[in-house]
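J.: Contents of data_18.txt (compact mmCIF, C-alpha atoms) are below:
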```txt
# COMPACT_ATOMS: atom_id res chain seq x y z
CA MET X 1 -64.72 -63.66 -77.59
CA SER X 2 -66.24 -62.94 -80.99
CA ALA X 3 -66.60 -65.57 -83.67
CA THR X 4 -68.73 -66.63 -86.61
CA THR X 5 -67.97 -70.33 -86.25
CA SER X 6 -69.48 -73.43 -84.73
CA GLN X 7 -68.01 -75.09 -81.69
CA SER X 8 -68.70 -78.39 -79.97
CA VAL X 9 -68.19 -78.38 -76.21
CA ASP X 10 -68.83 -80.85 -73.45
CA ILE X 11 -70.56 -78.29 -71.22
CA ALA X 12 -72.03 -74.85 -71.93
CA ILE X 13 -72.75 -72.67 -68.90
CA VAL X 14 -75.28 -69.95 -69.66
CA GLY X 15 -74.60 -67.22 -67.12
CA GLY X 16 -71.24 -66.15 -65.72
CA GLY X 17 -72.55 -64.57 -62.52
CA LEU X 18 -71.94 -65.97 -59.04
CA VAL X 19 -73.66 -69.32 -59.69
CA GLY X 20 -72.30 -69.90 -63.20
CA ALA X 21 -68.80 -68.79 -62.22
CA SER X 22 -68.89 -71.04 -59.14
CA LEU X 23 -69.86 -73.98 -61.34
CA ALA X 24 -66.98 -73.29 -63.75
CA CYS X 25 -64.54 -73.14 -60.81
CA ALA X 26 -65.94 -76.34 -59.30
CA LEU X 27 -65.44 -78.08 -62.66
CA ALA X 28 -61.72 -77.25 -62.68
CA PRO X 29 -60.55 -80.71 -61.48
CA LEU X 30 -62.71 -82.45 -64.09
CA ILE X 31 -61.48 -80.10 -66.83
CA THR X 32 -57.91 -81.04 -65.93
CA ARG X 33 -58.39 -84.79 -65.44
CA HIS X 34 -60.76 -85.45 -68.31
CA ALA X 35 -59.83 -82.66 -70.77
CA LEU X 36 -63.39 -81.34 -70.73
CA THR X 37 -64.25 -78.46 -73.02
CA VAL X 38 -66.38 -75.85 -71.26
CA ALA X 39 -67.89 -72.65 -72.65
CA VAL X 40 -69.31 -69.79 -70.57
CA VAL X 41 -71.86 -67.41 -72.08
CA GLU X 42 -72.37 -64.16 -70.16
CA ALA X 43 -74.35 -61.13 -71.30
CA ALA X 44 -72.62 -58.59 -69.05
CA PRO X 45 -69.01 -57.48 -69.62
CA LEU X 46 -66.40 -59.19 -67.47
CA PRO X 47 -65.63 -57.50 -64.13
CA GLU X 48 -62.77 -55.04 -63.79
CA ALA X 49 -59.22 -56.33 -64.06
CA ALA X 50 -58.50 -58.86 -61.33
CA GLU X 51 -55.28 -57.10 -60.32
CA ALA X 52 -56.74 -53.59 -60.06
CA PRO X 53 -56.79 -52.11 -56.52
CA TRP X 54 -59.89 -53.15 -54.57
CA GLN X 55 -62.03 -50.13 -53.74
CA PRO X 56 -65.06 -51.25 -51.73
CA SER X 57 -68.12 -49.04 -52.00
CA PHE X 58 -70.34 -48.17 -49.07
CA ASP X 59 -73.29 -49.27 -51.19
CA ALA X 60 -71.79 -52.54 -52.44
CA ARG X 61 -74.37 -55.35 -52.46
CA ALA X 62 -73.39 -58.37 -50.36
CA SER X 63 -74.48 -61.97 -49.86
CA ALA X 64 -74.72 -64.12 -46.74
CA ILE X 65 -72.56 -67.22 -47.09
CA ALA X 66 -73.30 -70.13 -44.75
CA GLN X 67 -70.42 -71.97 -43.09
CA GLY X 68 -71.11 -74.94 -45.34
CA SER X 69 -70.75 -72.69 -48.39
CA ALA X 70 -67.44 -71.41 -47.05
CA GLU X 71 -66.28 -75.02 -46.83
CA ARG X 72 -67.34 -75.60 -50.43
CA PHE X 73 -65.34 -72.58 -51.56
CA ARG X 74 -62.43 -73.88 -49.50
CA GLY X 75 -62.65 -77.15 -51.43
CA MET X 76 -62.33 -75.13 -54.66
CA GLY X 77 -59.23 -73.39 -53.29
CA LEU X 78 -61.02 -70.03 -53.14
CA TRP X 79 -61.85 -69.41 -49.51
CA GLN X 80 -58.58 -67.81 -48.43
CA ALA X 81 -59.11 -65.05 -51.00
CA MET X 82 -62.87 -64.80 -50.31
CA ALA X 83 -62.20 -64.36 -46.58
CA GLU X 84 -60.14 -61.20 -47.17
CA GLN X 85 -63.35 -59.15 -47.48
CA ALA X 86 -65.69 -61.33 -45.40
CA ALA X 87 -67.42 -60.24 -42.21
CA ALA X 88 -68.02 -63.21 -39.91
CA ILE X 89 -71.46 -63.91 -38.45
CA GLU X 90 -70.66 -65.12 -34.94
CA HIS X 91 -74.13 -64.72 -33.44
CA ILE X 92 -77.69 -64.75 -34.79
CA HIS X 93 -80.45 -62.95 -32.90
CA VAL X 94 -84.07 -63.72 -33.88
CA SER X 95 -86.94 -61.79 -32.31
CA GLU X 96 -90.44 -60.44 -32.91
CA ARG X 97 -91.23 -56.76 -32.42
CA GLY X 98 -93.41 -56.20 -29.36
CA ARG X 99 -92.92 -59.75 -27.99
CA LEU X 100 -90.55 -61.19 -25.42
CA GLY X 101 -89.56 -64.32 -27.35
CA VAL X 102 -85.95 -64.36 -28.54
CA THR X 103 -83.76 -67.07 -30.05
CA ARG X 104 -79.98 -66.72 -29.99
CA LEU X 105 -77.51 -68.87 -31.90
CA THR X 106 -73.75 -68.69 -31.48
CA ALA X 107 -70.87 -70.17 -33.44
CA ALA X 108 -69.09 -71.12 -30.22
CA GLU X 109 -71.82 -73.53 -29.06
CA LEU X 110 -71.57 -75.32 -32.41
CA GLY X 111 -67.79 -75.50 -32.31
CA GLN X 112 -67.53 -73.49 -35.54
CA PRO X 113 -65.41 -70.42 -36.31
CA ALA X 114 -68.54 -68.65 -37.58
CA LEU X 115 -72.17 -69.32 -38.41
CA GLY X 116 -71.58 -67.75 -41.78
CA TYR X 117 -70.07 -64.74 -43.51
CA VAL X 118 -71.22 -61.68 -45.43
CA ILE X 119 -69.16 -60.90 -48.53
CA PRO X 120 -69.55 -58.13 -51.14
CA ASN X 121 -70.86 -59.68 -54.35
CA ALA X 122 -68.28 -57.76 -56.39
CA TRP X 123 -65.45 -59.28 -54.34
CA MET X 124 -66.83 -62.79 -54.74
CA GLY X 125 -67.05 -62.18 -58.47
CA ARG X 126 -63.47 -60.94 -58.58
CA VAL X 127 -62.15 -64.01 -56.74
CA LEU X 128 -64.13 -66.39 -58.95
CA HIS X 129 -63.09 -64.74 -62.20
CA ARG X 130 -59.46 -64.55 -61.11
CA ARG X 131 -59.58 -68.36 -60.82
CA LEU X 132 -61.44 -68.74 -64.11
CA ALA X 133 -58.72 -66.78 -65.90
CA ASP X 134 -56.41 -69.74 -65.24
CA LEU X 135 -58.78 -72.30 -66.78
CA PRO X 136 -59.00 -73.22 -70.49
CA LEU X 137 -62.57 -71.94 -70.88
CA ALA X 138 -64.19 -70.70 -74.08
CA TRP X 139 -65.60 -67.30 -73.07
CA HIS X 140 -68.42 -65.67 -74.98
CA CYS X 141 -68.70 -62.35 -73.18
CA PRO X 142 -70.51 -60.12 -73.64
CA ALA X 143 -72.88 -62.39 -75.52
CA SER X 144 -76.34 -63.81 -75.05
CA VAL X 145 -78.14 -66.92 -76.24
CA GLU X 146 -80.56 -65.86 -78.96
CA ALA X 147 -81.95 -69.33 -79.57
CA ILE X 148 -81.63 -72.71 -77.91
CA THR X 149 -82.84 -75.86 -79.63
CA PRO X 150 -82.53 -79.59 -78.90
CA ALA X 151 -80.00 -81.38 -81.05
CA VAL X 152 -78.52 -84.85 -81.30
CA GLU X 153 -76.88 -85.57 -77.94
CA GLY X 154 -77.35 -82.10 -76.52
CA TYR X 155 -78.45 -78.60 -77.45
CA ARG X 156 -77.56 -76.08 -80.12
CA LEU X 157 -77.07 -72.52 -78.82
CA SER X 158 -77.09 -69.61 -81.26
CA LEU X 159 -75.20 -66.70 -79.69
CA SER X 160 -75.37 -62.98 -80.29
CA ASP X 161 -71.62 -62.91 -81.07
CA GLY X 162 -72.25 -65.00 -84.18
CA CYS X 163 -71.06 -68.29 -82.74
CA THR X 164 -73.08 -71.50 -82.59
CA LEU X 165 -72.35 -73.90 -79.75
CA HIS X 166 -73.26 -77.56 -79.71
CA ALA X 167 -73.14 -78.69 -76.07
CA GLY X 168 -73.47 -82.18 -74.68
CA LEU X 169 -74.72 -80.59 -71.45
CA THR X 170 -76.17 -77.09 -71.19
CA VAL X 171 -76.53 -75.55 -67.73
CA LEU X 172 -78.93 -72.63 -67.34
CA ALA X 173 -77.49 -70.42 -64.58
CA ASP X 174 -78.72 -67.11 -65.95
CA GLY X 175 -81.16 -66.26 -63.18
CA GLY X 176 -84.15 -67.13 -65.33
CA ARG X 177 -84.44 -63.63 -66.83
CA SER X 178 -83.22 -64.44 -70.33
CA GLY X 179 -86.39 -66.19 -71.44
CA LEU X 180 -84.55 -69.41 -72.28
CA LYS X 181 -86.74 -71.49 -69.99
CA GLU X 182 -89.77 -70.14 -71.81
CA GLN X 183 -88.18 -70.96 -75.18
CA LEU X 184 -87.78 -74.54 -73.98
CA GLY X 185 -91.30 -74.72 -72.57
CA ILE X 186 -90.13 -75.12 -68.97
CA ALA X 187 -92.90 -73.75 -66.79
CA SER X 188 -92.42 -72.24 -63.35
CA ASP X 189 -94.76 -71.92 -60.42
CA ALA X 190 -94.80 -68.36 -59.08
CA VAL X 191 -96.36 -67.44 -55.75
CA PRO X 192 -96.25 -63.67 -55.13
CA TYR X 193 -95.77 -62.69 -51.50
CA ASP X 194 -97.24 -59.22 -52.12
CA GLN X 195 -94.10 -57.96 -50.44
CA VAL X 196 -91.15 -55.85 -51.53
CA ALA X 197 -87.65 -56.02 -50.08
CA LEU X 198 -86.02 -52.65 -49.50
CA ILE X 199 -82.24 -53.16 -49.50
CA ALA X 200 -79.52 -50.76 -48.40
CA ASN X 201 -76.34 -50.57 -46.36
CA VAL X 202 -76.45 -48.72 -43.05
CA GLU X 203 -73.84 -47.48 -40.58
CA MET X 204 -74.33 -48.12 -36.88
CA SER X 205 -73.35 -46.10 -33.82
CA ARG X 206 -71.36 -49.01 -32.38
CA PRO X 207 -69.56 -52.13 -33.59
CA HIS X 208 -71.98 -54.91 -34.53
CA GLY X 209 -69.90 -57.60 -32.83
CA GLY X 210 -70.53 -60.09 -35.62
CA ILE X 211 -74.26 -60.30 -34.81
CA ALA X 212 -76.86 -60.88 -37.53
CA TYR X 213 -80.40 -59.84 -36.63
CA GLU X 214 -83.73 -61.15 -37.90
CA ARG X 215 -86.50 -58.96 -36.50
CA PHE X 216 -90.09 -59.86 -37.35
CA THR X 217 -92.53 -56.94 -37.40
CA ARG X 218 -96.19 -56.58 -38.36
CA GLN X 219 -95.22 -55.16 -41.74
CA GLY X 220 -92.59 -57.79 -42.45
CA PRO X 221 -89.16 -59.02 -41.33
CA ILE X 222 -86.13 -56.76 -40.98
CA ALA X 223 -82.72 -58.37 -41.38
CA LEU X 224 -79.39 -56.77 -40.49
CA LEU X 225 -76.20 -58.53 -41.56
CA PRO X 226 -72.70 -57.55 -40.41
CA LEU X 227 -70.31 -55.95 -42.88
CA PRO X 228 -66.72 -54.79 -42.33
CA GLY X 229 -66.42 -51.89 -39.89
CA GLN X 230 -69.64 -50.63 -38.37
CA ARG X 231 -71.69 -51.15 -41.52
CA MET X 232 -74.57 -53.60 -41.81
CA ALA X 233 -76.60 -54.82 -44.78
CA LEU X 234 -80.31 -54.02 -44.37
CA ILE X 235 -83.13 -56.10 -45.88
CA TRP X 236 -86.44 -54.50 -44.87
CA THR X 237 -89.58 -56.25 -46.11
CA HIS X 238 -92.66 -54.14 -46.83
CA PRO X 239 -96.19 -54.89 -47.98
CA ALA X 240 -96.28 -54.17 -51.72
CA GLY X 241 -96.74 -50.44 -52.28
CA ARG X 242 -95.69 -49.40 -48.78
CA GLU X 243 -92.03 -49.19 -49.78
CA THR X 244 -92.63 -46.30 -52.18
CA ALA X 245 -93.03 -43.67 -49.48
CA ARG X 246 -89.91 -44.85 -47.64
CA LEU X 247 -87.85 -44.80 -50.81
CA ALA X 248 -88.85 -41.16 -51.23
CA LEU X 249 -87.87 -40.12 -47.68
CA GLY X 250 -84.76 -38.12 -46.96
CA ASP X 251 -82.00 -40.05 -45.23
CA GLY X 252 -82.74 -38.59 -41.79
CA ASP X 253 -86.46 -39.39 -41.89
CA PHE X 254 -85.75 -42.85 -43.29
CA LEU X 255 -83.34 -43.64 -40.45
CA THR X 256 -85.89 -42.39 -37.90
CA GLU X 257 -88.56 -44.74 -39.26
CA LEU X 258 -86.09 -47.63 -39.40
CA GLN X 259 -85.09 -47.01 -35.79
CA ARG X 260 -88.72 -46.99 -34.73
CA ALA X 261 -89.44 -50.24 -36.58
CA PHE X 262 -86.31 -52.14 -35.53
CA GLY X 263 -85.64 -50.80 -32.05
CA ASP X 264 -82.33 -50.16 -30.32
CA ARG X 265 -80.88 -53.67 -30.07
CA ALA X 266 -78.15 -52.98 -32.62
CA GLY X 267 -77.54 -49.37 -31.57
CA ARG X 268 -78.44 -46.20 -33.44
CA PHE X 269 -78.68 -45.98 -37.21
CA ARG X 270 -76.30 -43.20 -38.30
CA ARG X 271 -76.13 -43.38 -42.09
CA VAL X 272 -77.90 -45.06 -45.00
CA GLY X 273 -76.66 -45.61 -48.53
CA SER X 274 -78.57 -46.03 -51.77
CA ARG X 275 -81.91 -47.76 -51.37
CA HIS X 276 -83.27 -50.34 -53.82
CA ALA X 277 -86.55 -52.24 -53.89
CA TYR X 278 -87.23 -55.76 -55.21
CA PRO X 279 -90.64 -57.49 -55.44
CA LEU X 280 -90.63 -60.86 -53.66
CA THR X 281 -92.04 -63.99 -55.26
CA LEU X 282 -91.44 -67.66 -54.62
CA VAL X 283 -90.55 -69.09 -58.04
CA THR X 284 -89.83 -72.78 -58.62
CA ALA X 285 -89.18 -74.36 -62.01
CA ARG X 286 -91.32 -77.43 -62.67
CA GLU X 287 -88.34 -79.09 -64.37
CA THR X 288 -84.68 -78.80 -63.42
CA ILE X 289 -83.35 -81.52 -65.72
CA ARG X 290 -83.95 -82.74 -69.26
CA PRO X 291 -81.71 -84.82 -71.48
CA GLY X 292 -78.69 -82.57 -72.06
CA LEU X 293 -79.98 -79.82 -69.75
CA ALA X 294 -79.72 -78.79 -66.08
CA VAL X 295 -81.14 -75.69 -64.37
CA LEU X 296 -79.34 -74.06 -61.44
CA GLY X 297 -79.66 -71.09 -59.08
CA ASN X 298 -82.44 -68.54 -59.44
CA ALA X 299 -83.37 -70.09 -62.76
CA ALA X 300 -84.45 -73.14 -60.74
CA HIS X 301 -85.73 -71.45 -57.58
CA SER X 302 -86.04 -67.89 -56.30
CA LEU X 303 -86.68 -67.66 -52.54
CA HIS X 304 -87.76 -65.05 -50.04
CA PRO X 305 -84.61 -63.58 -48.42
CA VAL X 306 -85.98 -64.08 -44.88
CA ALA X 307 -83.68 -67.03 -44.14
CA GLY X 308 -80.79 -66.01 -46.39
CA GLN X 309 -80.70 -69.41 -48.11
CA GLY X 310 -80.94 -68.59 -51.82
CA PHE X 311 -77.27 -68.53 -52.84
CA ASN X 312 -76.34 -71.26 -50.35
CA LEU X 313 -78.97 -73.56 -51.86
CA ALA X 314 -77.65 -72.74 -55.33
CA LEU X 315 -74.05 -73.47 -54.34
CA ARG X 316 -75.04 -76.88 -53.00
CA GLY X 317 -76.65 -77.47 -56.38
CA VAL X 318 -73.36 -76.57 -58.05
CA THR X 319 -71.33 -79.08 -56.03
CA ASP X 320 -73.98 -81.79 -56.38
CA LEU X 321 -74.01 -81.37 -60.16
CA VAL X 322 -70.22 -81.64 -60.29
CA ALA X 323 -70.36 -84.79 -58.13
CA SER X 324 -72.90 -86.35 -60.50
CA LEU X 325 -70.81 -85.43 -63.54
CA GLU X 326 -67.71 -86.92 -61.94
CA ARG X 327 -69.63 -90.13 -61.31
CA ALA X 328 -70.77 -90.20 -64.95
CA LEU X 329 -67.24 -89.70 -66.23
CA THR X 330 -65.97 -92.50 -63.99
CA LYS X 331 -68.62 -94.86 -65.36
CA GLY X 332 -68.17 -93.78 -68.97
CA GLU X 333 -71.67 -92.24 -69.17
CA PRO X 334 -72.46 -89.13 -71.24
CA LEU X 335 -72.48 -85.90 -69.21
CA GLY X 336 -75.87 -84.91 -70.59
CA GLY X 337 -77.36 -88.37 -70.20
CA MET X 338 -80.32 -88.96 -67.94
CA LEU X 339 -78.39 -91.35 -65.67
CA ALA X 340 -76.10 -88.47 -64.67
CA LEU X 341 -78.91 -85.93 -64.47
CA ARG X 342 -81.25 -88.18 -62.48
CA ASP X 343 -78.40 -88.75 -60.04
CA PHE X 344 -78.07 -84.96 -59.74
CA GLU X 345 -81.81 -84.54 -59.18
CA ALA X 346 -81.82 -87.28 -56.55
CA ARG X 347 -79.09 -85.42 -54.65
CA ARG X 348 -81.02 -82.14 -54.82
CA ILE X 349 -84.69 -82.92 -54.36
CA VAL X 350 -84.86 -83.30 -50.56
CA ASP X 351 -82.58 -80.37 -49.78
CA ARG X 352 -84.40 -78.09 -52.23
CA HIS X 353 -87.83 -79.06 -50.91
CA GLN X 354 -86.86 -78.60 -47.26
CA VAL X 355 -85.23 -75.19 -47.76
CA ILE X 356 -88.13 -73.86 -49.83
CA ARG X 357 -90.64 -75.15 -47.28
CA PHE X 358 -88.63 -73.66 -44.39
CA SER X 359 -88.20 -70.19 -45.86
CA ASP X 360 -91.77 -70.04 -47.15
CA GLY X 361 -93.07 -71.27 -43.80
CA LEU X 362 -91.24 -68.53 -41.93
CA VAL X 363 -92.78 -65.88 -44.16
CA ARG X 364 -96.28 -67.22 -43.63
CA LEU X 365 -95.89 -67.93 -39.91
CA PHE X 366 -94.66 -64.44 -39.06
CA GLY X 367 -96.79 -62.74 -41.70
CA VAL X 368 -100.08 -63.42 -39.89
CA ASP X 369 -101.07 -60.61 -37.52
CA SER X 370 -102.98 -62.48 -34.83
CA GLY X 371 -102.76 -61.88 -31.10
CA MET X 372 -103.07 -65.55 -30.20
CA LEU X 373 -100.59 -66.60 -32.88
CA SER X 374 -98.19 -63.87 -31.81
CA HIS X 375 -98.15 -65.27 -28.27
CA ALA X 376 -97.56 -68.75 -29.67
CA ARG X 377 -94.68 -67.47 -31.79
CA ALA X 378 -93.15 -65.76 -28.78
CA ALA X 379 -93.43 -68.94 -26.73
CA GLY X 380 -91.88 -70.87 -29.60
CA LEU X 381 -88.90 -68.52 -29.81
CA ILE X 382 -88.37 -68.75 -26.05
CA GLY X 383 -88.69 -72.54 -26.14
CA LEU X 384 -86.29 -72.82 -29.07
CA ASN X 385 -83.76 -70.75 -27.15
CA LEU X 386 -84.04 -73.09 -24.16
CA LEU X 387 -83.87 -76.34 -26.15
CA GLY X 388 -80.18 -76.40 -26.96
CA PRO X 389 -80.00 -79.61 -29.06
CA LEU X 390 -82.98 -78.62 -31.23
CA ARG X 391 -81.63 -75.11 -31.70
CA ARG X 392 -78.20 -76.43 -32.61
CA GLY X 393 -79.69 -78.92 -35.06
CA LEU X 394 -81.63 -76.19 -36.85
CA ALA X 395 -78.55 -74.00 -36.91
CA ARG X 396 -76.39 -76.72 -38.45
CA ARG X 397 -78.99 -77.23 -41.19
CA ALA X 398 -79.13 -73.49 -41.90
CA MET X 399 -75.32 -73.44 -42.04
CA GLY X 400 -75.35 -76.12 -44.73
CA LEU X 401 -73.42 -78.55 -42.51
CA GLU X 402 -76.27 -81.08 -42.46
CA ARG X 403 -79.12 -81.95 -44.82
```
Once you've parsed the file, please lay out its structure as structure tokens.

T.:
Amino acid sequence: MSATTSQSVDIAIVGGGLVGASLACALAPLITRHALTVAVVEAAPLPEAAEAPWQPSFDARASAIAQGSAERFRGMGLWQAMAEQAAAIEHIHVSERGRLGVTRLTAAELGQPALGYVIPNAWMGRVLHRRLADLPLAWHCPASVEAITPAVEGYRLSLSDGCTLHAGLTVLADGGRSGLKEQLGIASDAVPYDQVALIANVEMSRPHGGIAYERFTRQGPIALLPLPGQRMALIWTHPAGRETARLALGDGDFLTELQRAFGDRAGRFRRVGSRHAYPLTLVTARETIRPGLAVLGNAAHSLHPVAGQGFNLALRGVTDLVASLERALTKGEPLGGMLALRDFEARRIVDRHQVIRFSDGLVRLFGVDSGMLSHARAAGLIGLNLLGPLRRGLARRAMGLER
């Protein structure tokens, strides 16, 4: 959409990626019942036509979706379509290289169809945007927010397409890379892990059987997530700087080193796709609400991928925000008012704190190379495997079924 006009909207969503698009879909009932006006500002062009043939790429990036997140998408009427390209995680296998301790979790013991799912990001985007095409949204795409300033009862957003939006509630779901938080003076705490995640898709010599692996090594954790067929998504954590040499290796030598580091539990590594590296830092915004403003997703918190909780945490934020807005509408309160936003923050604060503490704790616990601590970790993994109720409780929390 291109315009040189001013618009007043109830809600402006900055960022039309997975988090922003999920929020717009979750708002659909409120848009219908309360005639809300919602604008979405997205810097990247919209994805390919929703009806074009789906051509999955070997190298397509994917995300791990907890069972609780699947239920949230089901509540939005999206899960049936999402599931078409989803690989179910039926088992989780956690171990430490060179130690006997192992923890195994299964969907069957929890009475669930799966512990989670792995879905190509492009497919999730397609499903979300197919739904959004049916909603009366004001799209500004491609467009970016050039300036954001507080205004009476909300914020004024000056867009690169020439339009000015006045929003009663502005939601930052842009991943935190646009600089808008800095414009608003919202500080973030950043704790570098001095680690880099090397990400690629790999093909295995045998079917993965729906098993997701988390393998802790001296250099860092290695995660393998099931994808359709015999492919798996690899997340291999390296000390900063050590990833450079592996990125430069030929495919054969890379697979040999991966096999040596991971072992043979999943079979033989036969093929690797494009490799990408991402520095890892724990980032948490010091503020997630202000009058007329809410911060979601990676703009609010960026986690280590060791526990696969980043998008799941963000999606719970999406549904909690919608619940708080629905409450405000029922009570006749303004959407950007602090009563609604404090209700949202009260819903989020415990969950956010616990997930950040859990994922950060795993990194630090398994990142210390100590013989005595390694034995303690091994004993802990064995004990966790034997203590069924405790293991199941932790699993249900990780699945987003309990908080």

J.: Any idea what the distance is between CA of Leu18 (chain X) and CA of Leu313 (chain X)?

T.: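 These atoms are spaced 12.6 Å apart.
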
J.: With 10 Å as the cut-off and only C-alpha atoms counted, what is the closest atom pair between each nearby residue of region 312-362 of chain X and region 135-155 of chain X? Distances in Å to one decimal, ordered by chain and number, as JSON lines.

T.:
```
{"residue": "X:Pro334", "atom": "CA", "partner": "X:Glu153", "partner_atom": "CA", "distance": 8.8}
{"residue": "X:Leu335", "atom": "CA", "partner": "X:Gly154", "partner_atom": "CA", "distance": 9.6}
{"residue": "X:Gly336", "atom": "CA", "partner": "X:Gly154", "partner_atom": "CA", "distance": 6.7}
{"residue": "X:Gly337", "atom": "CA", "partner": "X:Glu153", "partner_atom": "CA", "distance": 8.2}
```

J.: Store the residues of this selection in a file with C-alpha atoms, as a PDB file, keeping the file's coordinate frame.

T.:
```pdb
ATOM      1  CA  PRO X 334     -72.460 -89.130 -71.240  1.00  0.00           C
ATOM      2  CA  LEU X 335     -72.480 -85.900 -69.210  1.00  0.00           C
ATOM      3  CA  GLY X 336     -75.870 -84.910 -70.590  1.00  0.00           C
ATOM      4  CA  GLY X 337     -77.360 -88.370 -70.200  1.00  0.00           C
TER       5      GLY X 337
END
```

J.: Please indicate the distance in Å from CA of Gly310 (chain X) to CA of Arg342 (chain X), rounded to one decimal place.

T.: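 Going from CA of Gly310 (chain X) over to CA of Arg342 (chain X) covers 22.3 Å.
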
J.: Give me the residues of region 161-225 of chain X that have any atom at most 10 Å from an atom of region 267-270 of chain X; for each, the nearest atom pair and the distance in Å, rounded to one decimal. Use only C-alpha atoms, sort by chain and number, and format it as JSON lines.

T.:
```
{"residue": "X:Val202", "atom": "CA", "partner": "X:Phe269", "partner_atom": "CA", "distance": 6.8}
{"residue": "X:Glu203", "atom": "CA", "partner": "X:Arg270", "partner_atom": "CA", "distance": 5.4}
{"residue": "X:Met204", "atom": "CA", "partner": "X:Phe269", "partner_atom": "CA", "distance": 4.9}
{"residue": "X:Ser205", "atom": "CA", "partner": "X:Arg268", "partner_atom": "CA", "distance": 5.1}
{"residue": "X:Arg206", "atom": "CA", "partner": "X:Gly267", "partner_atom": "CA", "distance": 6.2}
{"residue": "X:Pro207", "atom": "CA", "partner": "X:Gly267", "partner_atom": "CA", "distance": 8.7}
{"residue": "X:His208", "atom": "CA", "partner": "X:Gly267", "partner_atom": "CA", "distance": 8.4}
```

J.: Work out how far CA of Ser274 (chain X) is from CA of Pro228 (chain X), in Å to one decimal.

T.: 17.5 Å

J.: Would you pick out the contacts of Ile119 (chain X) at 6 Å or less, using only C-alpha atoms, so that residues sharing its chain but fewer than 3 positions from it are not included, and give the list as a list in words?

T.: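 With the cut-off at 6 Å, the set is Ala62, Ser63 and Ala86 of chain X.
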
J.: Under the rule that only C-alpha atoms are counted, which of X:His91, X:Arg352, X:His238, X:Arg177 is the nearest residue to Leu224 (chain X)?

T.: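 Distance minimum relative to Leu224 (chain X) lands on X:His91.
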
J.: Would you mind telling me which residue in X:Leu258, X:Leu157, X:Ala200, X:Ile235 lies nearest to Gln183 (chain X) when using all atoms listed in the file?

T.: X:Leu157

J.: Ranking X:Ile222, X:Leu78, X:Ile289, X:Ala299 by minimum distance to Asp343 (chain X) and counting all atoms listed in the file, which one comes first?

T.: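 Answer, going by the shortest atom-to-atom distance: X:Ile289.
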
J.: For Thr170 (chain X), find every residue with an atom within 7 Å (counting all atoms listed in the file), except residues of its own chain fewer than 6 positions away, and show them as a list in words.

T.: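 My reading of the contact set: Ile11, Ala12, Ile13, Tyr155, Gly292, Leu293 and Ala294 of chain X.
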
J.: Quick one: what's the axis-aligned box for region 270-285 of chain X, all listed atoms, 8 Å on every side, centre and edges in Å to one decimal, as AutoDock Vina command-line options?

T.:
```
--center_x -84.1 --center_y -58.8 --center_z -50.2 --size_x 31.9 --size_y 47.2 --size_z 39.7
```

J.: Got a minute to add N, CA and C atoms to region 148-158 of chain X and dump it as a CSV table (one decimal), keeping the file's coordinate frame?

T.:
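Final output, out39.csv:
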```csv
chain,number,residue,atom,x,y,z
X,148,ILE,N,-82.1,-71.4,-78.4
X,148,ILE,CA,-81.6,-72.7,-77.9
X,148,ILE,C,-82.6,-73.8,-78.4
X,149,THR,N,-82.0,-74.8,-79.0
X,149,THR,CA,-82.8,-75.9,-79.6
X,149,THR,C,-82.2,-77.2,-79.3
X,150,PRO,N,-83.1,-78.2,-79.1
X,150,PRO,CA,-82.5,-79.6,-78.9
X,150,PRO,C,-81.8,-80.1,-80.2
X,151,ALA,N,-80.7,-80.8,-79.9
X,151,ALA,CA,-80.0,-81.4,-81.0
X,151,ALA,C,-79.6,-82.8,-80.7
X,152,VAL,N,-79.0,-83.5,-81.6
X,152,VAL,CA,-78.5,-84.8,-81.3
X,152,VAL,C,-77.5,-84.8,-80.2
X,153,GLU,N,-77.8,-85.5,-79.1
X,153,GLU,CA,-76.9,-85.6,-77.9
X,153,GLU,C,-76.6,-84.2,-77.4
X,154,GLY,N,-77.6,-83.4,-77.2
X,154,GLY,CA,-77.4,-82.1,-76.5
X,154,GLY,C,-78.2,-81.0,-77.1
X,155,TYR,N,-77.7,-79.8,-77.0
X,155,TYR,CA,-78.4,-78.6,-77.4
X,155,TYR,C,-77.6,-77.8,-78.4
X,156,ARG,N,-78.2,-77.0,-79.3
X,156,ARG,CA,-77.6,-76.1,-80.1
X,156,ARG,C,-77.9,-74.7,-79.6
X,157,LEU,N,-76.9,-73.9,-79.3
X,157,LEU,CA,-77.1,-72.5,-78.8
X,157,LEU,C,-76.6,-71.5,-79.9
X,158,SER,N,-77.5,-70.7,-80.3
X,158,SER,CA,-77.1,-69.6,-81.3
X,158,SER,C,-76.8,-68.3,-80.5
```
